[in-house]
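S.K.: structure-v7.txt is reproduced in full below (compact mmCIF, C-alpha atoms).
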# COMPACT_ATOMS: atom_id res chain seq x y z
CA MET A 1 6.53 -25.22 2.46
CA PRO A 2 10.30 -25.79 2.77
CA ASN A 3 12.89 -23.22 3.75
CA PHE A 4 15.53 -23.34 1.04
CA ALA A 5 19.24 -22.98 1.61
CA ASN A 6 19.51 -19.46 0.22
CA PRO A 7 16.62 -17.38 1.57
CA ARG A 8 18.59 -14.20 0.94
CA SER A 9 18.08 -14.30 -2.83
CA THR A 10 16.37 -11.31 -4.39
CA ALA A 11 13.77 -10.86 -7.09
CA PRO A 12 14.83 -9.62 -10.55
CA GLY A 13 16.14 -6.17 -9.79
CA PRO A 14 14.99 -2.73 -10.91
CA GLN A 15 16.93 -0.33 -13.11
CA PRO A 16 20.07 1.13 -11.52
CA ARG A 17 19.45 4.40 -9.68
CA THR A 18 21.67 6.41 -12.03
CA SER A 19 19.74 5.38 -15.15
CA ARG A 20 16.42 7.04 -14.27
CA ALA A 21 15.36 10.43 -12.87
CA LEU A 22 12.79 8.87 -10.50
CA ASP A 23 13.17 5.91 -8.18
CA LEU A 24 9.45 5.41 -7.64
CA LEU A 25 6.16 6.34 -9.26
CA VAL A 26 3.15 5.56 -7.07
CA VAL A 27 -0.09 5.10 -9.01
CA GLY A 28 -3.19 5.04 -6.85
CA ASP A 29 -5.36 6.72 -4.28
CA ALA A 30 -4.74 10.18 -2.87
CA ASN A 31 -7.43 11.43 -0.53
CA PRO A 32 -7.50 12.91 2.97
CA ASP A 33 -8.30 10.84 6.03
CA LEU A 34 -10.46 12.21 8.81
CA ILE A 35 -9.22 10.17 11.76
CA LEU A 36 -11.11 9.91 15.04
CA HIS A 37 -9.51 8.04 17.91
CA GLY A 38 -9.69 7.70 21.68
CA GLY A 39 -12.85 7.72 23.75
CA ASP A 40 -15.97 5.93 22.55
CA ILE A 41 -15.48 5.54 18.79
CA GLU A 42 -18.31 3.06 18.25
CA PRO A 43 -21.05 4.98 16.39
CA MET A 44 -24.68 4.59 17.44
CA PHE A 45 -27.51 5.40 15.09
CA GLY A 46 -30.73 6.99 16.26
CA GLN A 47 -29.16 10.47 16.44
CA HIS A 48 -26.96 9.53 19.39
CA GLU A 49 -23.87 11.69 19.77
CA ARG A 50 -20.68 10.35 21.32
CA ILE A 51 -17.45 12.07 22.28
CA VAL A 52 -14.00 10.99 21.08
CA ASP A 53 -10.67 12.26 22.36
CA HIS A 54 -9.00 13.32 19.13
CA GLY A 55 -9.83 14.18 15.53
CA ALA A 56 -7.47 15.12 12.71
CA LEU A 57 -7.63 15.72 8.97
CA VAL A 58 -4.47 14.22 7.50
CA LEU A 59 -3.02 13.09 4.21
CA GLY A 60 -4.50 9.71 3.35
CA GLY A 61 -4.94 7.08 0.70
CA SER A 62 -2.73 4.00 0.55
CA GLY A 63 -0.87 5.31 -2.48
CA ALA A 64 -0.25 8.78 -1.08
CA ILE A 65 0.92 7.42 2.28
CA THR A 66 3.34 5.06 0.53
CA ALA A 67 4.63 7.90 -1.65
CA VAL A 68 5.29 10.18 1.33
CA GLY A 69 6.94 7.35 3.27
CA ALA A 70 9.22 6.55 0.33
CA ALA A 71 10.20 10.19 -0.12
CA ARG A 72 11.01 10.45 3.59
CA LEU A 73 13.29 7.42 3.19
CA GLY A 74 15.19 9.22 0.44
CA LEU A 75 13.60 7.83 -2.73
CA ARG A 76 12.97 10.24 -5.60
CA THR A 77 9.21 9.81 -5.72
CA ALA A 78 6.30 10.93 -7.89
CA MET A 79 2.54 10.34 -7.64
CA ALA A 80 -0.07 9.69 -10.34
CA ALA A 81 -3.58 10.08 -8.95
CA ALA A 82 -6.76 12.17 -9.17
CA VAL A 83 -8.21 14.84 -6.90
CA GLY A 84 -10.93 17.43 -7.22
CA ASP A 85 -10.46 21.17 -7.64
CA ASP A 86 -11.60 21.84 -4.08
CA VAL A 87 -10.29 22.45 -0.58
CA LEU A 88 -9.51 18.78 0.02
CA GLY A 89 -7.76 18.41 -3.32
CA ARG A 90 -5.56 21.41 -2.66
CA PHE A 91 -4.85 20.03 0.81
CA MET A 92 -3.60 16.79 -0.73
CA LEU A 93 -1.44 18.47 -3.36
CA GLU A 94 0.15 20.72 -0.77
CA LYS A 95 0.88 17.86 1.64
CA LEU A 96 2.41 15.70 -1.11
CA ALA A 97 4.56 18.54 -2.43
CA THR A 98 5.72 19.51 1.07
CA ALA A 99 6.83 15.91 1.60
CA GLY A 100 8.94 16.08 -1.56
CA VAL A 101 6.63 14.06 -3.83
CA ASP A 102 6.38 15.18 -7.47
CA THR A 103 2.68 15.83 -8.23
CA THR A 104 2.87 16.76 -11.91
CA ALA A 105 1.09 13.52 -12.85
CA VAL A 106 -1.82 14.12 -10.44
CA ARG A 107 -4.98 14.94 -12.41
CA VAL A 108 -7.18 17.71 -10.98
CA PHE A 109 -10.90 17.49 -11.90
CA ASP A 110 -13.04 20.60 -11.74
CA ASP A 111 -16.34 18.69 -11.72
CA VAL A 112 -15.57 15.78 -9.35
CA PRO A 113 -14.93 16.15 -5.61
CA THR A 114 -11.85 14.79 -3.92
CA GLY A 115 -12.41 11.44 -2.23
CA ILE A 116 -12.32 11.22 1.54
CA SER A 117 -12.08 8.48 4.16
CA VAL A 118 -13.31 8.58 7.74
CA ALA A 119 -11.31 6.27 10.00
CA LEU A 120 -12.43 5.19 13.47
CA ALA A 121 -9.09 4.19 14.91
CA ARG A 122 -8.09 2.00 17.84
CA PRO A 123 -4.43 1.39 18.66
CA ASP A 124 -4.43 -2.00 16.92
CA ASP A 125 -7.34 -1.75 14.48
CA ARG A 126 -9.58 0.61 12.56
CA ALA A 127 -12.83 0.84 10.63
CA VAL A 128 -12.95 2.97 7.49
CA LEU A 129 -15.72 4.59 5.47
CA THR A 130 -14.66 5.98 2.07
CA ALA A 131 -16.42 8.25 -0.39
CA ARG A 132 -14.57 7.60 -3.66
CA GLY A 133 -15.08 10.96 -5.37
CA ALA A 134 -12.19 11.49 -7.78
CA LEU A 135 -10.87 8.00 -7.05
CA SER A 136 -13.56 6.72 -9.43
CA ALA A 137 -12.42 9.13 -12.15
CA PHE A 138 -8.74 8.20 -12.16
CA ASP A 139 -7.77 6.67 -15.52
CA PRO A 140 -4.41 4.86 -15.61
CA ALA A 141 -4.26 5.38 -19.38
CA GLU A 142 -3.54 9.04 -18.59
CA VAL A 143 -0.30 8.20 -16.78
CA PRO A 144 2.19 9.71 -19.24
CA ASP A 145 4.57 7.35 -21.02
CA ALA A 146 7.28 9.95 -20.46
CA VAL A 147 6.87 9.59 -16.69
CA LEU A 148 6.99 5.79 -16.92
CA ARG A 149 10.24 6.02 -18.88
CA ARG A 150 11.73 8.27 -16.18
CA THR A 151 11.07 5.90 -13.27
CA ARG A 152 12.84 2.78 -12.07
CA HIS A 153 9.80 1.30 -10.35
CA VAL A 154 6.01 1.69 -10.41
CA HIS A 155 3.95 0.89 -7.33
CA ILE A 156 0.18 0.42 -7.79
CA ALA A 157 -2.04 1.02 -4.75
CA SER A 158 -5.69 0.23 -3.99
CA PRO A 159 -7.03 -0.79 -7.42
CA PHE A 160 -10.22 -2.16 -5.82
CA LEU A 161 -11.16 1.38 -4.73
CA GLN A 162 -10.60 2.82 -8.21
CA PRO A 163 -12.81 1.19 -10.87
CA ARG A 164 -11.01 2.61 -13.90
CA LEU A 165 -7.62 1.71 -12.46
CA LEU A 166 -8.90 -1.82 -11.86
CA ASP A 167 -10.13 -2.09 -15.45
CA GLY A 168 -6.83 -0.80 -16.84
CA LEU A 169 -4.54 -2.64 -14.45
CA GLU A 170 -3.09 -5.19 -16.87
CA LYS A 171 -2.35 -2.56 -19.52
CA LEU A 172 -0.69 -0.31 -16.95
CA VAL A 173 1.59 -3.13 -15.75
CA ALA A 174 2.47 -3.95 -19.37
CA ARG A 175 3.20 -0.29 -20.16
CA ALA A 176 5.43 0.04 -17.11
CA HIS A 177 7.38 -3.08 -18.04
CA ALA A 178 7.68 -1.93 -21.64
CA ALA A 179 9.12 1.35 -20.34
CA GLY A 180 11.77 -0.61 -18.43
CA ALA A 181 10.32 -0.24 -14.92
CA THR A 182 9.65 -2.96 -12.40
CA VAL A 183 6.20 -3.06 -10.79
CA SER A 184 4.75 -3.76 -7.35
CA MET A 185 1.16 -3.78 -6.15
CA ASP A 186 -0.70 -3.48 -2.86
CA THR A 187 -4.28 -4.36 -3.77
CA GLY A 188 -5.83 -3.31 -0.46
CA TRP A 189 -9.22 -4.66 0.54
CA ASP A 190 -11.88 -5.55 -2.04
CA PRO A 191 -15.18 -4.03 -0.84
CA GLU A 192 -17.06 -6.22 -3.33
CA GLN A 193 -15.40 -9.42 -2.05
CA ARG A 194 -14.56 -10.67 -5.53
CA TRP A 195 -10.75 -10.53 -5.39
CA ASN A 196 -10.11 -12.39 -8.65
CA SER A 197 -10.44 -9.26 -10.80
CA VAL A 198 -6.71 -8.68 -10.18
CA ALA A 199 -5.66 -12.27 -10.84
CA THR A 200 -3.90 -11.63 -14.15
CA ALA A 201 -2.10 -8.56 -12.81
CA VAL A 202 -0.96 -10.51 -9.72
CA GLY A 203 0.89 -12.87 -12.03
CA ALA A 204 2.46 -10.01 -13.96
CA VAL A 205 3.87 -7.76 -11.21
CA ASP A 206 7.35 -8.22 -9.79
CA VAL A 207 6.41 -7.66 -6.13
CA LEU A 208 3.08 -8.20 -4.36
CA LEU A 209 2.52 -6.62 -0.92
CA PRO A 210 -0.72 -7.84 0.70
CA ASN A 211 -1.59 -8.18 4.36
CA ALA A 212 -2.45 -11.60 5.78
CA GLN A 213 -6.19 -11.43 5.15
CA GLU A 214 -5.72 -10.08 1.64
CA ALA A 215 -3.15 -12.76 0.79
CA VAL A 216 -5.48 -15.56 1.87
CA ARG A 217 -8.39 -14.15 -0.13
CA LEU A 218 -6.31 -13.42 -3.21
CA ALA A 219 -4.98 -16.98 -3.14
CA ALA A 220 -8.44 -18.45 -2.58
CA ALA A 221 -9.81 -16.47 -5.51
CA ALA A 222 -6.95 -17.27 -7.86
CA HIS A 223 -8.85 -20.06 -9.61
CA GLN A 224 -12.38 -18.68 -9.26
CA PRO A 225 -14.19 -17.53 -12.42
CA VAL A 226 -13.79 -13.78 -12.92
CA GLY A 227 -16.72 -11.84 -11.47
CA THR A 228 -17.67 -14.38 -8.81
CA SER A 229 -17.19 -13.86 -5.10
CA ALA A 230 -14.23 -15.43 -3.35
CA PRO A 231 -14.98 -17.77 -0.44
CA ASP A 232 -15.77 -15.78 2.70
CA ARG A 233 -13.13 -16.95 5.11
CA GLU A 234 -12.49 -16.39 8.77
CA LEU A 235 -9.10 -15.14 9.97
CA PRO A 236 -6.49 -17.69 8.89
CA ALA A 237 -4.47 -19.94 11.12
CA THR A 238 -0.92 -18.83 11.87
CA ASP A 239 0.71 -20.58 8.91
CA GLU A 240 -2.08 -20.06 6.42
CA PRO A 241 -0.78 -16.73 5.09
CA VAL A 242 2.50 -18.49 4.29
CA ALA A 243 0.65 -21.09 2.23
CA ALA A 244 -1.32 -18.31 0.53
CA ALA A 245 1.90 -16.45 -0.23
CA GLY A 246 3.25 -19.64 -1.78
CA VAL A 247 0.22 -19.93 -4.05
CA LEU A 248 0.60 -16.32 -5.15
CA ALA A 249 4.39 -16.51 -5.54
CA ALA A 250 4.00 -19.56 -7.77
CA ARG A 251 2.41 -17.21 -10.29
CA GLY A 252 5.61 -15.18 -10.54
CA PRO A 253 5.99 -12.29 -8.08
CA LEU A 254 8.02 -11.93 -4.94
CA VAL A 255 5.27 -11.93 -2.28
CA ALA A 256 5.83 -10.07 1.00
CA VAL A 257 2.94 -10.47 3.45
CA LYS A 258 2.36 -8.04 6.32
CA LEU A 259 1.45 -9.93 9.49
CA GLY A 260 0.95 -7.00 11.88
CA ALA A 261 2.11 -7.92 15.36
CA GLU A 262 3.70 -11.08 13.92
CA GLY A 263 6.08 -9.19 11.63
CA ALA A 264 6.20 -10.19 7.96
CA VAL A 265 6.95 -13.13 5.70
CA ALA A 266 8.13 -13.29 2.10
CA VAL A 267 8.06 -16.11 -0.42
CA HIS A 268 10.16 -16.09 -3.58
CA ASP A 269 11.58 -18.89 -5.73
CA GLY A 270 10.25 -21.41 -3.20
CA ALA A 271 12.13 -19.88 -0.27
CA VAL A 272 10.31 -18.64 2.84
CA VAL A 273 11.81 -15.69 4.70
CA ARG A 274 10.44 -14.28 7.96
CA ALA A 275 11.00 -10.98 9.74
CA ALA A 276 10.26 -10.27 13.40
CA PRO A 277 8.07 -7.34 14.45
CA TYR A 278 9.28 -4.23 16.23
CA SER A 279 7.47 -3.13 19.37
CA MET A 280 6.09 0.40 19.60
CA GLN A 281 3.72 2.26 21.87
CA THR A 282 0.98 2.44 19.25
CA VAL A 283 -1.11 5.58 18.89
CA ASP A 284 -2.72 4.82 15.53
CA ALA A 285 -2.06 1.97 13.09
CA THR A 286 -3.55 3.85 10.11
CA GLY A 287 -1.20 3.49 7.14
CA ALA A 288 1.23 1.14 8.87
CA GLY A 289 0.97 -1.32 5.99
CA ASP A 290 1.60 1.46 3.47
CA SER A 291 4.67 2.55 5.44
CA PHE A 292 5.82 -1.08 5.35
CA ASP A 293 5.45 -0.95 1.56
CA ALA A 294 7.61 2.18 1.42
CA GLY A 295 10.28 0.59 3.60
CA PHE A 296 10.33 -2.72 1.74
CA LEU A 297 10.59 -0.97 -1.63
CA ALA A 298 13.32 1.38 -0.35
CA GLY A 299 15.34 -1.67 0.64
CA TRP A 300 14.67 -3.64 -2.52
CA LEU A 301 15.29 -0.69 -4.84
CA GLY A 302 18.51 -0.04 -2.95
CA GLY A 303 19.77 -3.54 -3.73
CA ALA A 304 19.09 -5.07 -0.29
CA ASP A 305 18.25 -8.75 0.00
CA ILE A 306 14.79 -9.92 0.99
CA VAL A 307 15.70 -10.35 4.66
CA SER A 308 16.92 -6.77 4.95
CA SER A 309 14.04 -5.39 2.89
CA LEU A 310 11.52 -7.12 5.16
CA ALA A 311 13.26 -5.77 8.24
CA LEU A 312 13.21 -2.22 6.86
CA GLY A 313 9.52 -2.60 5.99
CA CYS A 314 8.69 -3.82 9.49
CA ALA A 315 10.66 -0.99 11.11
CA CYS A 316 8.93 1.64 8.97
CA GLY A 317 5.50 0.16 9.67
CA ALA A 318 6.13 0.08 13.42
CA LEU A 319 7.52 3.60 13.63
CA SER A 320 4.60 4.99 11.62
CA THR A 321 2.22 4.08 14.46
CA ARG A 322 3.83 6.64 16.83
CA HIS A 323 1.43 9.40 15.76
CA ALA A 324 -2.13 9.71 14.47
CA GLY A 325 -2.54 9.43 10.74
CA GLY A 326 -0.58 7.55 8.13
CA THR A 327 2.39 9.91 7.71
CA GLY A 328 2.97 11.78 10.98
CA GLY A 329 5.18 9.04 12.44
CA GLN A 330 6.90 7.87 9.25
CA PRO A 331 10.65 7.56 9.83
CA THR A 332 13.70 8.77 8.01
CA ARG A 333 16.08 6.09 6.82
CA GLU A 334 18.38 6.90 9.74
CA GLU A 335 15.54 6.40 12.25
CA ALA A 336 14.50 3.10 10.69
CA ASP A 337 18.08 1.81 10.56
CA ALA A 338 18.59 2.82 14.20
CA LEU A 339 15.55 0.79 15.28
CA ILE A 340 16.76 -2.23 13.33
CA THR A 341 20.22 -1.96 14.87
CA SER A 342 18.83 -1.57 18.39
CA MET A 343 16.79 -4.77 18.04
CA SER A 344 19.45 -6.91 16.37
I need this file expressed as structure tokens, please.
M.R.:
Amino acid sequence: MPNFANPRSTAPGPQPRTSRALDLLVVGDANPDLILHGGDIEPMFGQHERIVDHGALVLGGSGAITAVGAARLGLRTAMAAAVGDDVLGRFMLEKLATAGVDTTAVRVFDDVPTGISVALARPDDRAVLTARGALSAFDPAEVPDAVLRRTRHVHIASPFLQPRLLDGLEKLVARAHAAGATVSMDTGWDPEQRWNSVATAVGAVDVLLPNAQEAVRLAAAAHQPVGTSAPDRELPATDEPVAAAGVLAARGPLVAVKLGAEGAVAVHDGAVVRAAPYSMQTVDATGAGDSFDAGFLAGWLGGADIVSSLALGCACGALSTRHAGGTGGQPTREEADALITSMS
């Protein structure tokens, strides 16, 4: 895929900041993460007990982590999600509110428990078990039109984990656009390995934010019949995510792919833009991709070009790995800018 002469072009921009009360509405998953890391984190069945070094209950969910990261970067941010009327649900609402995220659009169910994820974390990888709970009850049709009209941009997180959100995805994107907002999406991983259930929405959003493996699978599934499984593929070769991003970008969105230790790459209007990674002493990579999303969107919503938006995303993702959990290490805008400046 060629590198065009003007890789600093931007996607169609969002509403100006002064025209809306909110910069960002995150629609998606909000559930706590129980993170275990250090020591022997490989479980062994047969009633074997193993000891790990650290355990922490922290704010989790791709959507919630992105929302908190965006608020910390200075965006006026709200969350639309679902939790249960229980200890974990109250924990989530308190953590979001403390971070400066508006939670008035979070639905609280009195008969459904809050979802929870258990993450077994290594410095550069993790395994996750999730009990959906209220994630399965979240209905995007209940996102108020009034909130959509107040926001410049809507970010959709983890539709594969939320069946009703997945079913209502196309209508939600259309409602957001009709309200004058731009839309981004981070699909997350598809536990059912189908991937093509988001194909129409992928072509409708303004910005798509997958990681490398997700990009390859979304591209491979783009022309598969709906409801069938996408080809099961091994980790792609170095340039394969770029080709996948090209396939996805050809459908309309600006595609920014998170490459982990390799940085990030974006494809838009045929141009390929790369960003280098930032080195950190990693404690826990949980939520690093969600922090990248927050950084990229903060740049893009602030009028930055794709190069600068990628750099801000990479800096935010790297800095988030300084502490356990998805939000403990998230940077302020000043911290992220300082890292970028120090590496330039």
S.K.: Looking at A:Val205, A:Ala70, A:Val108, A:Met280, which one is nearest to A:Leu312, with distances taken over all atoms listed in the file?
M.R.: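 Answer, going by the shortest atom-to-atom distance: A:Ala70.
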S.K.: Figure out the distance between atom CA of A:Thr114 and atom CA of A:Asp53, please, to one decimal in Å.
M.R.: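 That distance, rounded to one decimal, is 26.4 Å.
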S.K.: Let me make sure I understand: among A:Leu22, A:Ala261, A:Ala30, A:Leu310, which one has the smallest atom-to-atom distance to A:Arg107 if we use all atoms listed in the file?
M.R.: A:Ala30
S.K.: Using all atoms listed in the file, find each residue of stretch 49-133 of chain A with at least one atom at most 12 Å away from an atom of stretch 283-291 of chain A; report its shortest atom-to-atom pair and that distance in Å (one decimal), sort the rows by chain and rising residue number, and return the result as CSV.
M.R.:
residue,atom,partner,partner_atom,distance
A:His54,CA,A:Val283,CA,11.1
A:Gly55,CA,A:Asp284,CA,11.8
A:Ala56,CA,A:Asp284,CA,11.7
A:Val58,CA,A:Thr286,CA,10.7
A:Leu59,CA,A:Gly287,CA,10.2
A:Gly60,CA,A:Gly287,CA,8.0
A:Gly61,CA,A:Gly287,CA,8.3
A:Ser62,CA,A:Asp290,CA,5.8
A:Gly63,CA,A:Asp290,CA,7.5
A:Ala64,CA,A:Asp290,CA,8.8
A:Ile65,CA,A:Asp290,CA,6.1
A:Thr66,CA,A:Asp290,CA,5.0
A:Ala67,CA,A:Asp290,CA,8.8
A:Val68,CA,A:Ser291,CA,8.7
A:Gly69,CA,A:Ser291,CA,5.7
A:Ala70,CA,A:Ser291,CA,7.9
A:Ala71,CA,A:Ser291,CA,10.9
A:Arg72,CA,A:Ser291,CA,10.3
A:Leu73,CA,A:Ser291,CA,10.2
A:Ser117,CA,A:Thr286,CA,11.4
A:Val118,CA,A:Thr286,CA,11.1
A:Ala119,CA,A:Thr286,CA,8.1
A:Leu120,CA,A:Thr286,CA,9.6
A:Ala121,CA,A:Asp284,CA,6.4
A:Arg122,CA,A:Asp284,CA,6.5
A:Pro123,CA,A:Asp284,CA,4.9
A:Asp124,CA,A:Ala285,CA,6.0
A:Asp125,CA,A:Ala285,CA,6.6
A:Arg126,CA,A:Thr286,CA,7.3
A:Ala127,CA,A:Thr286,CA,9.8
A:Val128,CA,A:Thr286,CA,9.8
S.K.: So which one's closest to A:Gln281, A:Met44, A:Ala134, A:Leu319, A:Leu297? Using only C-alpha atoms, please.
M.R.: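 The shortest atom-to-atom distance to A:Gln281 comes from A:Leu319.
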S.K.: Can you pull out every residue within 8 Å of stretch 171-178 of chain A, counting all atoms listed in the file, but drop anything in the same chain fewer than 5 positions away, and send it as a list in words?
M.R.: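 Listing them by chain and then by number gives Pro140, Ala141, Asp145, Leu148, Arg149, Val154, Val183, Ala201, Ala204 and Val205 of chain A.
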S.K.: Grab the atom CA of A:Asn211 to atom CA of A:Gly188 distance for me, in Å with one decimal place.
M.R.: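 Separating atom CA of A:Asn211 from atom CA of A:Gly188 is a distance of 8.1 Å.
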S.K.: Looking at A:Asp40, A:Asp206, A:Asp139, A:Asp23, which one is nearest to A:Leu166, with distances taken over all atoms listed in the file?
M.R.: A:Asp139
S.K.: What is the atom CA of A:Arg333 to atom CA of A:Ala315 distance in Å?
M.R.: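 About the pair atom CA of A:Arg333 and atom CA of A:Ala315: they are 9.9 Å apart.
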S.K.: Nearest to A:Leu57 among A:Ala324, A:Phe296, A:Glu334, A:His153, with distances taken over only C-alpha atoms: which residue is it?
M.R.: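 Ranking A:Ala324, A:Phe296, A:Glu334, A:His153 by distance to A:Leu57, first place goes to A:Ala324.
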S.K.: Determine, counting only C-alpha atoms, which protein, DNA and RNA residues have an atom within 9 Å of an atom of A:Val257; residues of the same chain fewer than 2 positions away are not included. Present the result as a ChimeraX atom specification.
M.R.: /A:208-212,214-215,241-242,245,255,259,263-267
S.K.: Between A:Val83, A:Leu254, A:Met92, A:Val307, which residue has the minimum interatomic distance to A:Phe109, considering only C-alpha atoms?
M.R.: A:Val83
S.K.: Within 8 Å of A:Ala78, counting all atoms listed in the file, which residues qualify if same-chain residues fewer than 2 places away don't, as a list of chain:residue names?
M.R.: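 Contacts, in chain order: A:Leu22, A:Leu24, A:Leu25, A:Val26, A:Ala67, A:Arg76, A:Ala80, A:Val101, A:Asp102, A:Thr103, A:Thr104, A:Ala105.
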S.K.: As a JSON list (two decimals), keeping the file's coordinate frame, could you write out stretch 197-211 of chain A once it has been completed with N, CA, C and O atoms?
M.R.:
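Result went into selection.json, see below:
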[["chain", "number", "residue", "atom", "x", "y", "z"],
["A", 197, "SER", "N", -10.55, -10.23, -9.71],
["A", 197, "SER", "CA", -10.44, -9.26, -10.80],
["A", 197, "SER", "C", -9.01, -8.77, -10.99],
["A", 197, "SER", "O", -8.70, -8.13, -12.00],
["A", 198, "VAL", "N", -8.12, -9.06, -10.04],
["A", 198, "VAL", "CA", -6.71, -8.68, -10.18],
["A", 198, "VAL", "C", -5.82, -9.88, -10.48],
["A", 198, "VAL", "O", -4.60, -9.77, -10.47],
["A", 199, "ALA", "N", -6.43, -11.03, -10.74],
["A", 199, "ALA", "CA", -5.66, -12.27, -10.84],
["A", 199, "ALA", "C", -4.57, -12.21, -11.91],
["A", 199, "ALA", "O", -3.43, -12.62, -11.68],
["A", 200, "THR", "N", -4.90, -11.69, -13.09],
["A", 200, "THR", "CA", -3.90, -11.63, -14.15],
["A", 200, "THR", "C", -2.77, -10.69, -13.78],
["A", 200, "THR", "O", -1.59, -10.99, -14.00],
["A", 201, "ALA", "N", -3.12, -9.53, -13.20],
["A", 201, "ALA", "CA", -2.10, -8.56, -12.81],
["A", 201, "ALA", "C", -1.20, -9.11, -11.72],
["A", 201, "ALA", "O", 0.01, -8.83, -11.70],
["A", 202, "VAL", "N", -1.76, -9.91, -10.79],
["A", 202, "VAL", "CA", -0.96, -10.51, -9.72],
["A", 202, "VAL", "C", 0.17, -11.35, -10.32],
["A", 202, "VAL", "O", 1.30, -11.34, -9.82],
["A", 203, "GLY", "N", -0.13, -12.05, -11.40],
["A", 203, "GLY", "CA", 0.89, -12.87, -12.03],
["A", 203, "GLY", "C", 1.89, -12.09, -12.85],
["A", 203, "GLY", "O", 2.93, -12.63, -13.24],
["A", 204, "ALA", "N", 1.59, -10.81, -13.10],
["A", 204, "ALA", "CA", 2.46, -10.01, -13.96],
["A", 204, "ALA", "C", 3.39, -9.08, -13.20],
["A", 204, "ALA", "O", 4.42, -8.67, -13.73],
["A", 205, "VAL", "N", 3.03, -8.71, -11.95],
["A", 205, "VAL", "CA", 3.87, -7.76, -11.21],
["A", 205, "VAL", "C", 5.12, -8.47, -10.69],
["A", 205, "VAL", "O", 5.18, -9.69, -10.59],
["A", 206, "ASP", "N", 6.10, -7.67, -10.33],
["A", 206, "ASP", "CA", 7.35, -8.22, -9.79],
["A", 206, "ASP", "C", 7.29, -8.44, -8.29],
["A", 206, "ASP", "O", 7.91, -9.37, -7.77],
["A", 207, "VAL", "N", 6.53, -7.58, -7.59],
["A", 207, "VAL", "CA", 6.41, -7.66, -6.13],
["A", 207, "VAL", "C", 4.96, -7.45, -5.74],
["A", 207, "VAL", "O", 4.31, -6.52, -6.23],
["A", 208, "LEU", "N", 4.44, -8.32, -4.88],
["A", 208, "LEU", "CA", 3.08, -8.20, -4.36],
["A", 208, "LEU", "C", 3.16, -8.01, -2.85],
["A", 208, "LEU", "O", 3.88, -8.74, -2.17],
["A", 209, "LEU", "N", 2.38, -7.03, -2.32],
["A", 209, "LEU", "CA", 2.52, -6.62, -0.92],
["A", 209, "LEU", "C", 1.18, -6.63, -0.19],
["A", 209, "LEU", "O", 0.69, -5.59, 0.25],
["A", 210, "PRO", "N", 0.56, -7.78, -0.01],
["A", 210, "PRO", "CA", -0.72, -7.84, 0.70],
["A", 210, "PRO", "C", -0.52, -7.97, 2.20],
["A", 210, "PRO", "O", 0.58, -8.26, 2.68],
["A", 211, "ASN", "N", -1.62, -7.75, 2.97],
["A", 211, "ASN", "CA", -1.59, -8.18, 4.36],
["A", 211, "ASN", "C", -2.09, -9.62, 4.43],
["A", 211, "ASN", "O", -2.41, -10.23, 3.41]]
